[in-house]
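Containing compact mmCIF, C-alpha atoms: start_32.txt.
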```txt
# COMPACT_ATOMS: atom_id res chain seq x y z
CA MET A 253 -29.11 -9.65 23.93
CA ARG A 254 -31.15 -9.06 20.83
CA ARG A 255 -29.99 -8.95 17.28
CA THR A 256 -30.54 -5.56 15.68
CA THR A 257 -30.55 -4.21 12.13
CA LEU A 258 -27.40 -2.34 13.14
CA ASP A 259 -25.58 -5.67 13.54
CA LEU A 260 -26.73 -6.65 10.07
CA TRP A 261 -25.27 -3.48 8.56
CA VAL A 262 -21.97 -3.88 10.40
CA GLY A 263 -21.79 -7.49 9.27
CA PHE A 264 -22.45 -6.38 5.71
CA PHE A 265 -19.73 -3.74 6.03
CA VAL A 266 -17.14 -6.19 7.38
CA ILE A 267 -17.94 -8.75 4.67
CA ILE A 268 -17.70 -6.15 1.89
CA GLY A 269 -14.38 -4.88 3.30
CA MET A 270 -12.97 -8.40 3.50
CA ALA A 271 -14.20 -9.09 -0.02
CA ALA A 272 -12.32 -6.00 -1.21
CA LEU A 273 -9.17 -7.25 0.50
CA MET A 274 -9.61 -10.67 -1.12
CA PHE A 275 -10.08 -8.99 -4.50
CA LEU A 276 -6.85 -7.06 -3.98
CA ALA A 277 -4.98 -10.17 -2.87
CA PHE A 278 -6.12 -12.60 -5.55
CA LYS A 279 -7.15 -10.55 -8.55
CA VAL A 280 -4.82 -7.54 -8.27
CA GLY A 281 -1.92 -9.15 -6.41
CA ASN A 282 0.05 -12.27 -7.16
CA LEU A 283 -1.43 -14.46 -4.43
CA GLY A 284 -3.68 -16.21 -6.93
CA ALA A 285 -0.76 -17.11 -9.19
CA ALA A 286 1.46 -20.11 -8.49
CA ASN A 287 3.33 -18.33 -5.76
CA GLY A 288 2.83 -20.29 -2.59
CA GLY A 289 3.68 -23.66 -4.18
CA GLU A 290 6.80 -25.74 -3.70
CA THR A 291 9.97 -24.28 -5.16
CA TYR A 292 13.58 -25.33 -5.53
CA LEU A 293 16.68 -23.17 -5.73
CA VAL A 294 19.32 -23.23 -8.44
CA SER A 295 22.06 -20.68 -8.99
CA GLY A 296 24.06 -19.43 -11.91
CA GLN A 297 27.11 -17.25 -12.39
CA PHE A 298 26.92 -14.41 -14.90
CA ASP A 299 29.63 -12.05 -16.18
CA ASN A 300 27.14 -9.21 -16.32
CA ILE A 301 23.54 -9.17 -15.19
CA GLY A 302 22.68 -5.76 -16.66
CA GLY A 303 19.62 -4.38 -14.91
CA LEU A 304 18.28 -7.66 -13.52
CA LYS A 305 16.45 -7.22 -10.23
CA VAL A 306 15.33 -9.46 -7.40
CA ARG A 307 11.80 -10.83 -8.05
CA ALA A 308 12.29 -10.60 -11.81
CA PRO A 309 10.58 -13.49 -13.63
CA VAL A 310 12.35 -16.63 -14.83
CA LYS A 311 10.86 -17.78 -18.11
CA SER A 312 11.21 -20.82 -20.30
CA ALA A 313 9.62 -20.74 -23.73
CA GLY A 314 7.89 -17.57 -22.58
CA VAL A 315 6.17 -19.17 -19.59
CA VAL A 316 7.00 -17.88 -16.11
CA VAL A 317 8.51 -20.83 -14.22
CA GLY A 318 10.03 -19.00 -11.27
CA ARG A 319 11.48 -15.82 -9.81
CA VAL A 320 14.92 -14.38 -9.14
CA LYS A 321 15.45 -14.92 -5.44
CA GLU A 322 18.78 -13.29 -4.71
CA ILE A 323 21.61 -11.50 -6.50
CA ARG A 324 25.12 -11.48 -5.00
CA PHE A 325 28.60 -10.54 -6.15
CA ASP A 326 31.24 -13.24 -5.82
CA SER A 327 34.48 -11.50 -4.94
CA LYS A 328 36.55 -14.62 -5.82
CA THR A 329 35.42 -15.03 -9.41
CA TYR A 330 34.31 -11.39 -9.85
CA ARG A 331 31.03 -12.56 -11.27
CA ALA A 332 27.42 -12.10 -10.28
CA VAL A 333 25.74 -15.06 -8.58
CA VAL A 334 22.00 -15.19 -9.26
CA SER A 335 19.78 -17.55 -7.26
CA LEU A 336 16.61 -18.64 -9.00
CA SER A 337 13.66 -20.15 -7.19
CA LEU A 338 11.87 -22.39 -9.67
CA ASP A 339 8.42 -23.93 -9.37
CA ALA A 340 8.80 -27.56 -8.30
CA SER A 341 6.32 -28.70 -10.92
CA TYR A 342 8.75 -27.66 -13.67
CA GLN A 343 11.87 -29.84 -14.00
CA PHE A 344 14.83 -28.91 -16.18
CA PRO A 345 17.81 -30.97 -17.48
CA ARG A 346 21.15 -30.34 -15.81
CA ASP A 347 22.71 -28.72 -18.90
CA THR A 348 20.04 -26.02 -19.10
CA ILE A 349 21.34 -22.69 -20.40
CA ALA A 350 20.41 -19.52 -18.49
CA THR A 351 20.33 -16.27 -20.44
CA ILE A 352 19.49 -12.75 -19.31
CA LEU A 353 17.01 -11.28 -21.77
CA THR A 354 15.00 -8.10 -22.10
CA SER A 355 11.28 -8.07 -22.85
CA GLY A 356 10.90 -5.48 -25.58
CA LEU A 357 13.39 -2.75 -26.27
CA LEU A 358 12.95 -0.89 -22.99
CA GLY A 359 11.17 -3.57 -20.97
CA GLU A 360 12.23 -5.27 -17.79
CA GLN A 361 14.96 -7.88 -17.78
CA TYR A 362 14.29 -11.52 -17.03
CA VAL A 363 16.13 -14.84 -16.97
CA GLY A 364 15.41 -17.17 -19.86
CA LEU A 365 16.02 -20.90 -19.44
CA GLU A 366 16.79 -23.05 -22.47
CA PRO A 367 16.56 -26.77 -21.67
CA GLY A 368 19.45 -28.99 -22.73
CA GLY A 369 19.43 -32.70 -23.46
CA ASP A 370 20.80 -34.22 -20.25
CA GLU A 371 18.92 -37.16 -18.76
CA ALA A 372 19.51 -36.00 -15.17
CA MET A 373 17.34 -33.19 -13.85
CA LEU A 374 18.38 -30.14 -11.83
CA LYS A 375 18.09 -30.57 -8.09
CA SER A 376 17.77 -27.96 -5.36
CA GLY A 377 21.14 -26.27 -4.77
CA ASP A 378 22.56 -27.13 -8.20
CA ALA A 379 24.46 -24.57 -10.26
CA LEU A 380 23.72 -23.84 -13.90
CA GLN A 381 26.97 -24.37 -15.80
CA ILE A 382 26.29 -22.49 -19.03
CA THR A 383 25.14 -18.91 -18.74
CA GLN A 384 24.92 -15.98 -21.09
CA SER A 385 25.19 -12.39 -19.88
CA ALA A 386 22.86 -9.52 -20.49
CA VAL A 387 23.32 -7.53 -23.65
CA VAL A 388 24.53 -4.09 -22.66
CA LEU A 389 23.16 -1.61 -25.16
CA GLU A 390 26.02 0.90 -24.74
CA LYS A 391 28.61 -1.78 -25.54
CA LEU A 392 26.65 -2.87 -28.58
CA ILE A 393 26.39 0.71 -29.89
CA GLY A 394 30.08 1.29 -29.16
CA GLN A 395 31.02 -1.83 -31.10
CA PHE A 396 28.78 -0.84 -33.99
CA MET A 397 30.32 2.63 -34.18
CA PHE A 398 33.82 1.16 -33.97
CA ASP A 399 33.06 -1.19 -36.85
CA LYS A 400 31.62 1.66 -38.94
CA ALA A 401 34.72 3.76 -38.28
CA ALA A 402 36.98 0.86 -39.24
CA GLU A 403 35.01 0.39 -42.47
CA GLY A 404 35.29 4.09 -43.32
CA SER A 405 39.05 4.31 -42.76
CA ALA A 406 39.86 1.35 -44.97
CA PRO A 407 37.66 1.68 -48.07
CA ALA A 408 40.28 0.09 -50.36
CA ASN A 409 39.78 -3.34 -48.82
CA MET B 94 9.13 47.33 21.73
CA ASN B 95 6.18 46.37 23.86
CA GLY B 96 4.46 44.83 20.85
CA LEU B 97 7.50 42.71 20.08
CA LEU B 98 7.68 41.56 23.69
CA ASN B 99 4.02 40.63 23.60
CA PHE B 100 4.57 38.73 20.37
CA ILE B 101 7.42 36.71 21.86
CA ARG B 102 5.35 36.09 24.98
CA ARG B 103 2.47 34.76 22.89
CA LEU B 104 4.82 32.57 20.87
CA GLY B 105 6.22 31.07 24.06
CA ALA B 106 2.74 30.50 25.47
CA MET B 107 1.74 28.74 22.27
CA ALA B 108 4.78 26.48 22.40
CA VAL B 109 4.16 25.59 26.04
CA GLU B 110 0.49 24.95 25.27
CA GLY B 111 1.48 22.67 22.38
CA VAL B 112 3.86 20.59 24.49
CA TRP B 113 1.25 20.45 27.24
CA ARG B 114 -1.37 19.12 24.86
CA ILE B 115 0.98 16.49 23.44
CA GLY B 116 1.78 15.28 26.93
CA PHE B 117 -1.91 15.22 27.85
CA ALA B 118 -2.70 13.38 24.61
CA ALA B 119 -0.08 10.72 25.44
CA ARG B 120 -1.52 10.24 28.94
CA PHE B 121 -5.02 10.16 27.46
CA PHE B 122 -3.94 7.47 24.98
CA MET B 123 -2.49 5.32 27.78
CA LEU B 124 -5.69 5.74 29.77
CA LEU B 125 -7.70 4.82 26.68
CA LEU B 126 -5.70 1.62 26.15
CA ARG B 127 -6.10 0.68 29.82
CA HIS B 128 -9.86 1.09 29.67
CA SER B 129 -10.23 -0.64 26.31
CA GLY B 130 -11.14 -3.97 27.90
CA GLN B 131 -14.76 -2.95 28.30
CA SER B 132 -15.20 -2.01 24.66
CA LEU B 133 -14.16 -5.57 23.77
CA THR B 134 -16.26 -7.37 26.38
CA ARG B 135 -19.31 -5.20 25.69
CA ILE B 136 -18.84 -5.61 21.97
CA HIS B 137 -22.15 -4.00 20.99
CA LEU B 138 -20.75 -0.60 21.98
CA THR B 139 -17.94 -0.99 19.44
CA VAL B 140 -20.24 -2.50 16.82
CA ARG B 141 -22.44 0.60 17.11
CA GLU B 142 -19.42 2.82 16.47
CA ILE B 143 -18.31 0.70 13.50
CA TYR B 144 -21.77 1.36 12.11
CA PHE B 145 -21.43 5.12 12.52
CA SER B 146 -17.85 5.51 11.31
CA GLY B 147 -17.64 2.60 8.87
CA VAL B 148 -21.01 1.74 7.37
CA LEU B 149 -22.09 5.35 6.98
CA SER B 150 -18.79 6.17 5.23
CA LEU B 151 -19.32 3.38 2.68
CA LEU B 152 -21.01 5.51 0.06
CA ILE B 153 -18.47 8.33 -0.06
CA ILE B 154 -15.58 5.83 -0.08
CA VAL B 155 -17.06 3.72 -2.88
CA VAL B 156 -17.98 6.70 -5.07
CA SER B 157 -14.72 8.60 -4.61
CA GLY B 158 -12.66 5.41 -5.07
CA LEU B 159 -14.42 4.78 -8.35
CA PHE B 160 -13.77 8.32 -9.58
CA VAL B 161 -10.13 8.36 -8.47
CA GLY B 162 -9.59 5.09 -10.33
CA MET B 163 -11.31 6.45 -13.43
CA VAL B 164 -9.16 9.61 -13.41
CA LEU B 165 -6.03 7.47 -12.94
CA GLY B 166 -7.13 5.35 -15.88
CA LEU B 167 -7.61 8.35 -18.16
CA GLN B 168 -4.49 10.27 -17.16
CA GLY B 169 -2.31 7.17 -16.95
CA TYR B 170 -3.34 5.98 -20.38
CA GLU B 171 -2.65 9.40 -21.93
CA THR B 172 0.93 9.30 -20.66
CA LEU B 173 1.63 5.59 -21.05
CA GLN B 174 0.44 5.30 -24.65
CA ARG B 175 2.90 8.04 -25.60
CA TYR B 176 5.62 5.51 -24.80
CA GLY B 177 3.72 2.68 -26.40
CA SER B 178 3.04 0.88 -23.13
CA GLY B 179 -0.68 1.40 -22.67
CA ASP B 180 -0.87 -2.23 -21.57
CA ALA B 181 0.89 -1.26 -18.35
CA LEU B 182 -2.14 0.80 -17.31
CA GLY B 183 -3.23 -1.86 -14.82
CA VAL B 184 0.18 -1.74 -13.13
CA LEU B 185 0.05 2.04 -12.78
CA VAL B 186 -3.50 2.11 -11.44
CA SER B 187 -3.12 -0.78 -9.00
CA LEU B 188 0.30 0.21 -7.63
CA SER B 189 -0.61 3.84 -7.06
CA LEU B 190 -3.86 2.82 -5.36
CA THR B 191 -2.63 0.01 -3.13
CA ARG B 192 0.57 1.74 -2.08
CA GLU B 193 -0.41 5.37 -1.71
CA LEU B 194 -3.76 6.71 -2.84
CA GLY B 195 -5.94 4.06 -1.22
CA PRO B 196 -4.76 4.54 2.36
CA VAL B 197 -4.12 8.30 2.08
CA VAL B 198 -7.29 9.46 0.31
CA ALA B 199 -9.47 7.02 2.26
CA GLY B 200 -7.81 8.35 5.43
CA LEU B 201 -8.51 11.96 4.52
CA LEU B 202 -12.12 11.15 3.67
CA PHE B 203 -12.44 9.11 6.84
CA ALA B 204 -11.12 12.02 8.92
CA SER B 205 -13.60 14.47 7.46
CA ARG B 206 -16.54 12.06 7.37
CA ALA B 207 -16.19 10.03 10.58
CA GLY B 208 -13.47 11.69 12.68
CA LEU B 209 -15.27 15.02 12.62
CA ALA B 210 -18.53 13.42 13.73
CA VAL B 211 -16.79 11.71 16.65
CA THR B 212 -15.21 14.97 17.80
CA ALA B 213 -18.54 16.79 17.55
CA GLU B 214 -20.33 14.06 19.48
CA ILE B 215 -17.85 13.78 22.33
CA GLY B 216 -17.37 17.56 22.42
CA LEU B 217 -21.08 18.17 22.71
CA MET B 218 -21.32 15.51 25.43
CA LYS B 219 -18.63 17.40 27.31
CA THR B 220 -20.25 20.80 26.69
CA THR B 221 -23.60 19.57 27.99
CA GLU B 222 -21.81 17.96 30.97
CA GLN B 223 -22.90 14.44 30.06
CA LEU B 224 -19.35 13.16 30.60
CA ASP B 225 -19.29 14.65 34.12
CA ALA B 226 -22.69 13.12 34.79
CA MET B 227 -21.35 9.70 33.81
CA ASP B 228 -18.42 10.19 36.15
CA MET B 229 -20.90 10.97 38.93
CA MET B 230 -22.73 7.70 38.26
CA ALA B 231 -19.41 5.83 38.51
CA VAL B 232 -19.41 5.14 34.78
CA ASN B 233 -15.98 5.81 33.34
CA PRO B 234 -16.53 8.07 30.30
CA ILE B 235 -13.27 6.91 28.72
CA ALA B 236 -14.33 3.27 28.87
CA ARG B 237 -17.97 3.92 27.96
CA VAL B 238 -17.72 6.71 25.36
CA VAL B 239 -14.15 7.20 24.14
CA ALA B 240 -12.69 3.69 23.78
CA PRO B 241 -15.51 2.22 21.63
CA ARG B 242 -15.27 5.19 19.24
CA PHE B 243 -11.51 4.76 19.01
CA TRP B 244 -11.68 1.03 18.29
CA GLY B 245 -14.57 1.51 15.89
CA GLY B 246 -12.36 3.83 13.86
CA VAL B 247 -9.33 1.53 14.04
CA ILE B 248 -11.36 -1.42 12.76
CA SER B 249 -13.26 0.50 10.06
CA MET B 250 -10.36 2.29 8.42
CA PRO B 251 -8.40 -0.66 6.89
CA LEU B 252 -11.63 -2.10 5.50
CA LEU B 253 -12.58 1.25 3.99
CA ALA B 254 -9.11 1.70 2.47
CA ALA B 255 -9.21 -1.80 0.94
CA LEU B 256 -12.64 -1.02 -0.48
CA PHE B 257 -11.34 2.28 -1.86
CA SER B 258 -8.43 0.55 -3.62
CA ALA B 259 -10.66 -2.20 -5.00
CA MET B 260 -13.16 0.32 -6.34
CA GLY B 261 -10.30 2.35 -7.80
CA VAL B 262 -8.92 -0.66 -9.67
CA PHE B 263 -12.43 -1.35 -10.93
CA GLY B 264 -12.74 2.29 -12.07
CA GLY B 265 -9.39 2.10 -13.85
CA TRP B 266 -10.50 -1.14 -15.52
CA LEU B 267 -13.78 0.48 -16.56
CA ILE B 268 -12.03 3.39 -18.28
CA GLY B 269 -9.00 1.50 -19.58
CA VAL B 270 -10.55 -1.73 -20.81
CA VAL B 271 -14.22 -0.95 -21.41
CA PHE B 272 -14.01 2.59 -22.80
CA ILE B 273 -10.50 3.02 -24.21
CA GLY B 274 -9.95 -0.56 -25.27
CA VAL B 275 -6.78 -1.72 -23.52
CA ASP B 276 -6.51 -5.49 -23.80
CA ASP B 277 -8.29 -7.13 -20.87
CA GLY B 278 -5.79 -9.96 -20.48
CA ALA B 279 -2.76 -7.65 -20.58
CA PHE B 280 -4.38 -5.31 -18.07
CA TRP B 281 -4.85 -8.04 -15.44
CA SER B 282 -1.78 -10.17 -16.15
CA GLN B 283 0.67 -7.24 -16.07
CA MET B 284 -1.00 -6.07 -12.87
CA GLN B 285 -0.68 -9.49 -11.25
CA ALA B 286 2.95 -9.76 -12.32
CA ALA B 287 3.84 -6.39 -10.82
CA VAL B 288 1.80 -6.24 -7.60
CA ASP B 289 3.24 -8.31 -4.77
CA PHE B 290 0.85 -9.34 -2.01
CA ARG B 291 3.20 -8.89 0.93
CA PHE B 292 5.20 -5.99 -0.42
CA ASP B 293 2.49 -3.81 -1.95
CA ILE B 294 -0.88 -4.82 -0.56
CA MET B 295 0.09 -5.67 3.02
CA ASN B 296 2.13 -2.47 3.32
CA GLY B 297 -0.94 -0.56 2.16
CA VAL B 298 -3.05 -2.31 4.79
CA ILE B 299 -0.47 -1.48 7.48
CA LYS B 300 -0.56 2.14 6.35
CA SER B 301 -4.34 2.34 6.51
CA PHE B 302 -4.27 0.73 9.95
CA VAL B 303 -1.80 3.36 11.21
CA PHE B 304 -3.85 6.16 9.65
CA GLY B 305 -7.05 4.78 11.18
CA ALA B 306 -5.53 4.69 14.66
CA THR B 307 -4.09 8.21 14.21
CA VAL B 308 -7.34 9.75 12.98
CA ALA B 309 -9.41 7.99 15.63
CA LEU B 310 -7.06 9.09 18.41
CA ILE B 311 -7.00 12.70 17.21
CA ALA B 312 -10.79 12.73 16.88
CA VAL B 313 -11.55 11.38 20.36
CA PHE B 314 -8.82 13.48 21.95
CA GLU B 315 -9.96 16.74 20.39
CA GLY B 316 -13.52 16.01 21.47
CA TYR B 317 -12.49 15.12 25.00
CA ASP B 318 -10.13 18.09 25.31
CA CYS B 319 -12.37 20.75 23.76
CA THR B 320 -13.25 23.93 25.62
CA PRO B 321 -16.87 23.35 26.70
CA THR B 322 -18.37 26.26 24.79
CA ALA B 323 -19.95 26.56 21.37
CA GLU B 324 -16.85 28.28 20.02
CA GLY B 325 -14.50 25.77 21.66
CA LEU B 326 -16.45 22.93 20.05
CA SER B 327 -16.21 24.47 16.58
CA ARG B 328 -12.48 24.99 17.08
CA ALA B 329 -12.01 21.40 18.20
CA ILE B 330 -13.80 20.14 15.08
CA THR B 331 -11.65 22.29 12.82
CA ARG B 332 -8.52 21.11 14.60
CA THR B 333 -9.52 17.46 14.14
CA VAL B 334 -9.73 17.81 10.37
CA VAL B 335 -6.58 19.91 10.01
CA THR B 336 -4.44 17.85 12.39
CA SER B 337 -5.66 14.54 10.93
CA ALA B 338 -4.88 15.63 7.38
CA LEU B 339 -1.40 16.83 8.32
CA ALA B 340 -0.72 13.74 10.42
CA ILE B 341 -1.81 11.41 7.60
CA LEU B 342 0.38 13.12 4.99
CA ALA B 343 3.41 13.35 7.27
CA LEU B 344 3.04 9.74 8.48
CA ASP B 345 2.58 8.60 4.90
CA PHE B 346 5.93 10.10 3.99
CA VAL B 347 7.62 8.42 6.96
CA LEU B 348 5.98 5.03 6.28
CA THR B 349 6.72 5.18 2.55
CA SER B 350 10.38 5.97 3.15
CA LEU B 351 10.57 3.06 5.61
CA MET B 352 8.68 0.55 3.43
CA PHE B 353 9.64 1.29 -0.14
CA ARG B 354 13.10 2.83 0.06
CA GLY B 355 15.68 1.34 -2.27
CA GLN B 356 13.49 -1.55 -3.34
CA SER B 357 12.39 -2.42 -6.86
```
Go ahead and express the file in the form of C-alpha cells.
Amino acid sequence: MRRTTLDLWVGFFVIIGMAALMFLAFKVGNLGAANGGETYLVSGQFDNIGGLKVRAPVKSAGVVVGRVKEIRFDSKTYRAVVSLSLDASYQFPRDTIATILTSGLLGEQYVGLEPGGDEAMLKSGDALQITQSAVVLEKLIGQFMFDKAAEGSAPAN
Amino acid sequence: MNGLLNFIRRLGAMAVEGVWRIGFAARFFMLLLRHSGQSLTRIHLTVREIYFSGVLSLLIIVVSGLFVGMVLGLQGYETLQRYGSGDALGVLVSLSLTRELGPVVAGLLFASRAGLAVTAEIGLMKTTEQLDAMDMMAVNPIARVVAPRFWGGVISMPLLAALFSAMGVFGGWLIGVVFIGVDDGAFWSQMQAAVDFRFDIMNGVIKSFVFGATVALIAVFEGYDCTPTAEGLSRAITRTVVTSALAILALDFVLTSLMFRGQS
C-alpha cells in the first residue's frame, strides 16, 4: 500500500479538527482552569440562599477557590444545605464564615469565604458553623419603605 | 366527488409510500451496519470519503464559521452593552456556538455540501447500473460503496462542527476585542467561567455526531433508493437536502430539550 497525497490531506483535516476541539476544551471551556485537581467537600447551612445555583463559584478575597457542588433543603431545620467543593491547595481555618454575595447589582450569586483565626483547618466533610444568608432585594426595599413610612407618620419625634 | 375520492386515494398512497420508505430505510441501515466491517478493514476506502466530505468542506465551514462568529459579536455587543455587560460578549458567543449554532449550522452546510454530493454519486452509479454490475461481480455495493461514504460522513461531521465553533469564537473575538474594544482578559475569563467542558462542549460534540450520522444515512439512502432516471436522481438530491435540514432542526430540538432542560 502506497501513501498518497489524499492521506496527507485527510491527516491534515483530522489534526485541524482535533486542534479545534482542543481549543474549545482548553481556551473556551474550563478544562484548562484548576478543575480536575484534588478537591474537598465542606457544607454550610443557610437561612436563605437567594438565587444561588449549582456550579456557582466559591470565592475568597475575590479569587475562585471552588464551586458549589450541591444544594439541598433540610426538612428538619428548614434551612438550605449547600455543599462546596474546594480546591485542595487552598486550606481554610475551621471558623471560616460563608456568605452569599452578588457580583454587581444584577450579577450572578456566589459564595464568599472569610477566613477566621482558628489554628485547625477545615477537613473534608466538615460543616461551616457561621453563615450569612443572601440579601433579598425585595425584603430590603420593603424594609426601607417601612422605615420611610414610620418616619413620615411621626415627624414630631 | 370523483376529484375528492382521487385526492383521498393519493393521500393514502403517499402515506403508505412514506411508511414503506421508512421501513426500507431501517432495513437498509441494519444492512449497512452489518457490512461496515469492510470499510474499517479496508481503511483507505473510508479515508477517501473523509477527503471528499470532510477536507473539501473545510473552506466553507471555516469561512461561514468566521462570519457567523463576527455577526454574533456585533449583534451581541449591541444588545449587551445596553445593559452595561459588554464584557459578557465572550459568554454569549461561545455558548451559542458550542451548544447550538456550531452543530446545527455546520450540519446544514455539511448536508448541502457533502450529503448532496454523496447522493448524486450513488444515484448516478445506480442510474448507470454500476451498482448492479458490482453485484454481478460478487462485490457487495453496500460494503464497497455505501458504508465507506456513511462512515466518512460520521467521522467528518464532529470535526467540522468543532472547527466551525472554534472559528466562530475567533470571529467573535476579532469583532469584540480587536475592533470594538472589549477587554481581552474579561472576554476570555468570563467565557472560561461560564462554559463547562462536559456540559456545553461535549453535548455539542454529541449533537454534531448525531447530525453527522443522520445526514450521512439520509444521503446514502436517498442515493441508493433513487429512481434510476435523470428526473429521479434530481428528486433524490432535492430530498436529501430538504430531509436532512428538517431532520437536523427537529433532532436539535429533541436533543436540546433532553440535554439542557431545567439546568443552569
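Residues in contact with A:Leu365 at up to 9 Å, not including ones fewer than 6 positions away on its chain and judged by all atoms listed in the file, are Val310, Lys311, Ser312, Ala313, Phe344, Thr348, Ile349, Ala350, Thr351 and Ile352 of chain A.
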Do me a favour and pick out the residues of chain A within 7 Å of chain B, using all atoms listed in the file, as a VMD selection string. chain A and resid 258 261 to 262 265 269 to 270 272 to 273 275 to 277 280 to 283
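Straight-line separation from atom CA of B:Val313 to atom CA of B:Arg242: 7.3 Å.
Look at A:Arg346: the protein and nucleic acid residues within 10 Å of it, using all atoms listed in the file and passing over chain neighbours fewer than 2 places away, are Gln343, Phe344, Thr348, Ile349, Pro367, Gly368, Gly369, Asp370, Glu371, Ala372, Met373, Leu374, Lys375, Asp378, Ala379, Leu380, Gln381 and Ile382 of chain A.
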In Å, with one decimal, what is the gap from atom CA of A:Gly263 to atom CA of B:Ile330? 29.3 Å
So which residues touch stretch 315-323 of chain B within 12 Å, counting all atoms listed in the file, skipping near sequence neighbours fewer than 5 positions away, as number ranges by chain? B: 113-115, 117-118, 121-122, 125, 208-225, 234-235, 238-240, 242-243, 308-310, 328-337
For B:Trp266, work out the shell of residues within 10 Å, counting only C-alpha atoms and skipping chain neighbours fewer than 6 positions away, then give it as JSON, numbers by chain. {"B": [162, 163, 166, 182, 183, 186, 187, 260, 272, 273, 274, 275, 277, 280, 281]}
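When all atoms listed in the file are used to measure the gap to A:Arg331, the shortest distance among A:Gly296, A:Ser405, A:Met274, A:Met397 belongs to A:Gly296.
For the atom pair formed by atom CA of A:Gly359 and atom CA of A:Phe278, the distance is 24.9 Å, given to one decimal.
Each of A:Ser341, A:Leu353, A:Arg324, A:Ala401 was checked against A:Leu389 using all atoms listed in the file; the smallest atom-to-atom distance is that of A:Leu353.
Checking A:Gly356, A:Gly303, A:Gly364, A:Pro345 one by one against A:Gly318, counting all atoms listed in the file, you find the shortest gap at A:Gly364.
Those DNA, RNA and protein residues that approach the point (-13.2, -3.7, 31.5) to within 12 Å, considering all atoms listed in the file, are B:Leu125, B:Leu126, B:Arg127, B:His128, B:Ser129, B:Gly130, B:Gln131, B:Ser132, B:Leu133, B:Thr134, B:Arg135, B:Ile136, B:Val232, B:Asn233, B:Ile235, B:Ala236, B:Arg237, B:Ala240, B:Pro241.
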Where atoms are missing, can you supply N, CA and C atoms for stretch 288-305 of chain B and output the lot as an mmCIF file, in the coordinates of the input?
```
data_model
loop_
_atom_site.group_PDB
_atom_site.id
_atom_site.type_symbol
_atom_site.label_atom_id
_atom_site.label_comp_id
_atom_site.auth_asym_id
_atom_site.auth_seq_id
_atom_site.Cartn_x
_atom_site.Cartn_y
_atom_site.Cartn_z
ATOM 1 N N VAL B 288 2.239 -6.524 -8.968
ATOM 2 C CA VAL B 288 1.800 -6.240 -7.600
ATOM 3 C C VAL B 288 2.104 -7.448 -6.723
ATOM 4 N N ASP B 289 2.902 -7.229 -5.692
ATOM 5 C CA ASP B 289 3.240 -8.310 -4.770
ATOM 6 C C ASP B 289 2.336 -8.215 -3.552
ATOM 7 N N PHE B 290 1.812 -9.373 -3.115
ATOM 8 C CA PHE B 290 0.850 -9.340 -2.010
ATOM 9 C C PHE B 290 1.474 -8.768 -0.739
ATOM 10 N N ARG B 291 2.619 -9.325 -0.341
ATOM 11 C CA ARG B 291 3.200 -8.890 0.930
ATOM 12 C C ARG B 291 3.777 -7.489 0.812
ATOM 13 N N PHE B 292 4.458 -7.248 -0.294
ATOM 14 C CA PHE B 292 5.200 -5.990 -0.420
ATOM 15 C C PHE B 292 4.269 -4.803 -0.678
ATOM 16 N N ASP B 293 3.322 -4.958 -1.572
ATOM 17 C CA ASP B 293 2.490 -3.810 -1.950
ATOM 18 C C ASP B 293 1.186 -3.754 -1.164
ATOM 19 N N ILE B 294 0.457 -4.872 -1.144
ATOM 20 C CA ILE B 294 -0.880 -4.820 -0.560
ATOM 21 C C ILE B 294 -0.817 -4.793 0.965
ATOM 22 N N MET B 295 0.020 -5.655 1.557
ATOM 23 C CA MET B 295 0.090 -5.670 3.020
ATOM 24 C C MET B 295 0.638 -4.351 3.552
ATOM 25 N N ASN B 296 1.622 -3.770 2.873
ATOM 26 C CA ASN B 296 2.130 -2.470 3.320
ATOM 27 C C ASN B 296 1.043 -1.412 3.263
ATOM 28 N N GLY B 297 0.189 -1.488 2.238
ATOM 29 C CA GLY B 297 -0.940 -0.560 2.160
ATOM 30 C C GLY B 297 -1.901 -0.756 3.314
ATOM 31 N N VAL B 298 -2.140 -2.027 3.672
ATOM 32 C CA VAL B 298 -3.050 -2.310 4.790
ATOM 33 C C VAL B 298 -2.449 -1.791 6.100
ATOM 34 N N ILE B 299 -1.130 -1.994 6.266
ATOM 35 C CA ILE B 299 -0.470 -1.480 7.480
ATOM 36 C C ILE B 299 -0.617 0.039 7.548
ATOM 37 N N LYS B 300 -0.400 0.683 6.404
ATOM 38 C CA LYS B 300 -0.560 2.140 6.350
ATOM 39 C C LYS B 300 -1.952 2.554 6.791
ATOM 40 N N SER B 301 -2.975 1.912 6.207
ATOM 41 C CA SER B 301 -4.340 2.340 6.510
ATOM 42 C C SER B 301 -4.657 2.078 7.976
ATOM 43 N N PHE B 302 -4.082 1.015 8.535
ATOM 44 C CA PHE B 302 -4.270 0.730 9.950
ATOM 45 C C PHE B 302 -3.687 1.847 10.810
ATOM 46 N N VAL B 303 -2.461 2.270 10.465
ATOM 47 C CA VAL B 303 -1.800 3.360 11.210
ATOM 48 C C VAL B 303 -2.613 4.648 11.083
ATOM 49 N N PHE B 304 -3.069 4.934 9.855
ATOM 50 C CA PHE B 304 -3.850 6.160 9.650
ATOM 51 C C PHE B 304 -5.155 6.105 10.446
ATOM 52 N N GLY B 305 -5.791 4.930 10.445
ATOM 53 C CA GLY B 305 -7.050 4.780 11.180
ATOM 54 C C GLY B 305 -6.848 5.061 12.654
#
```
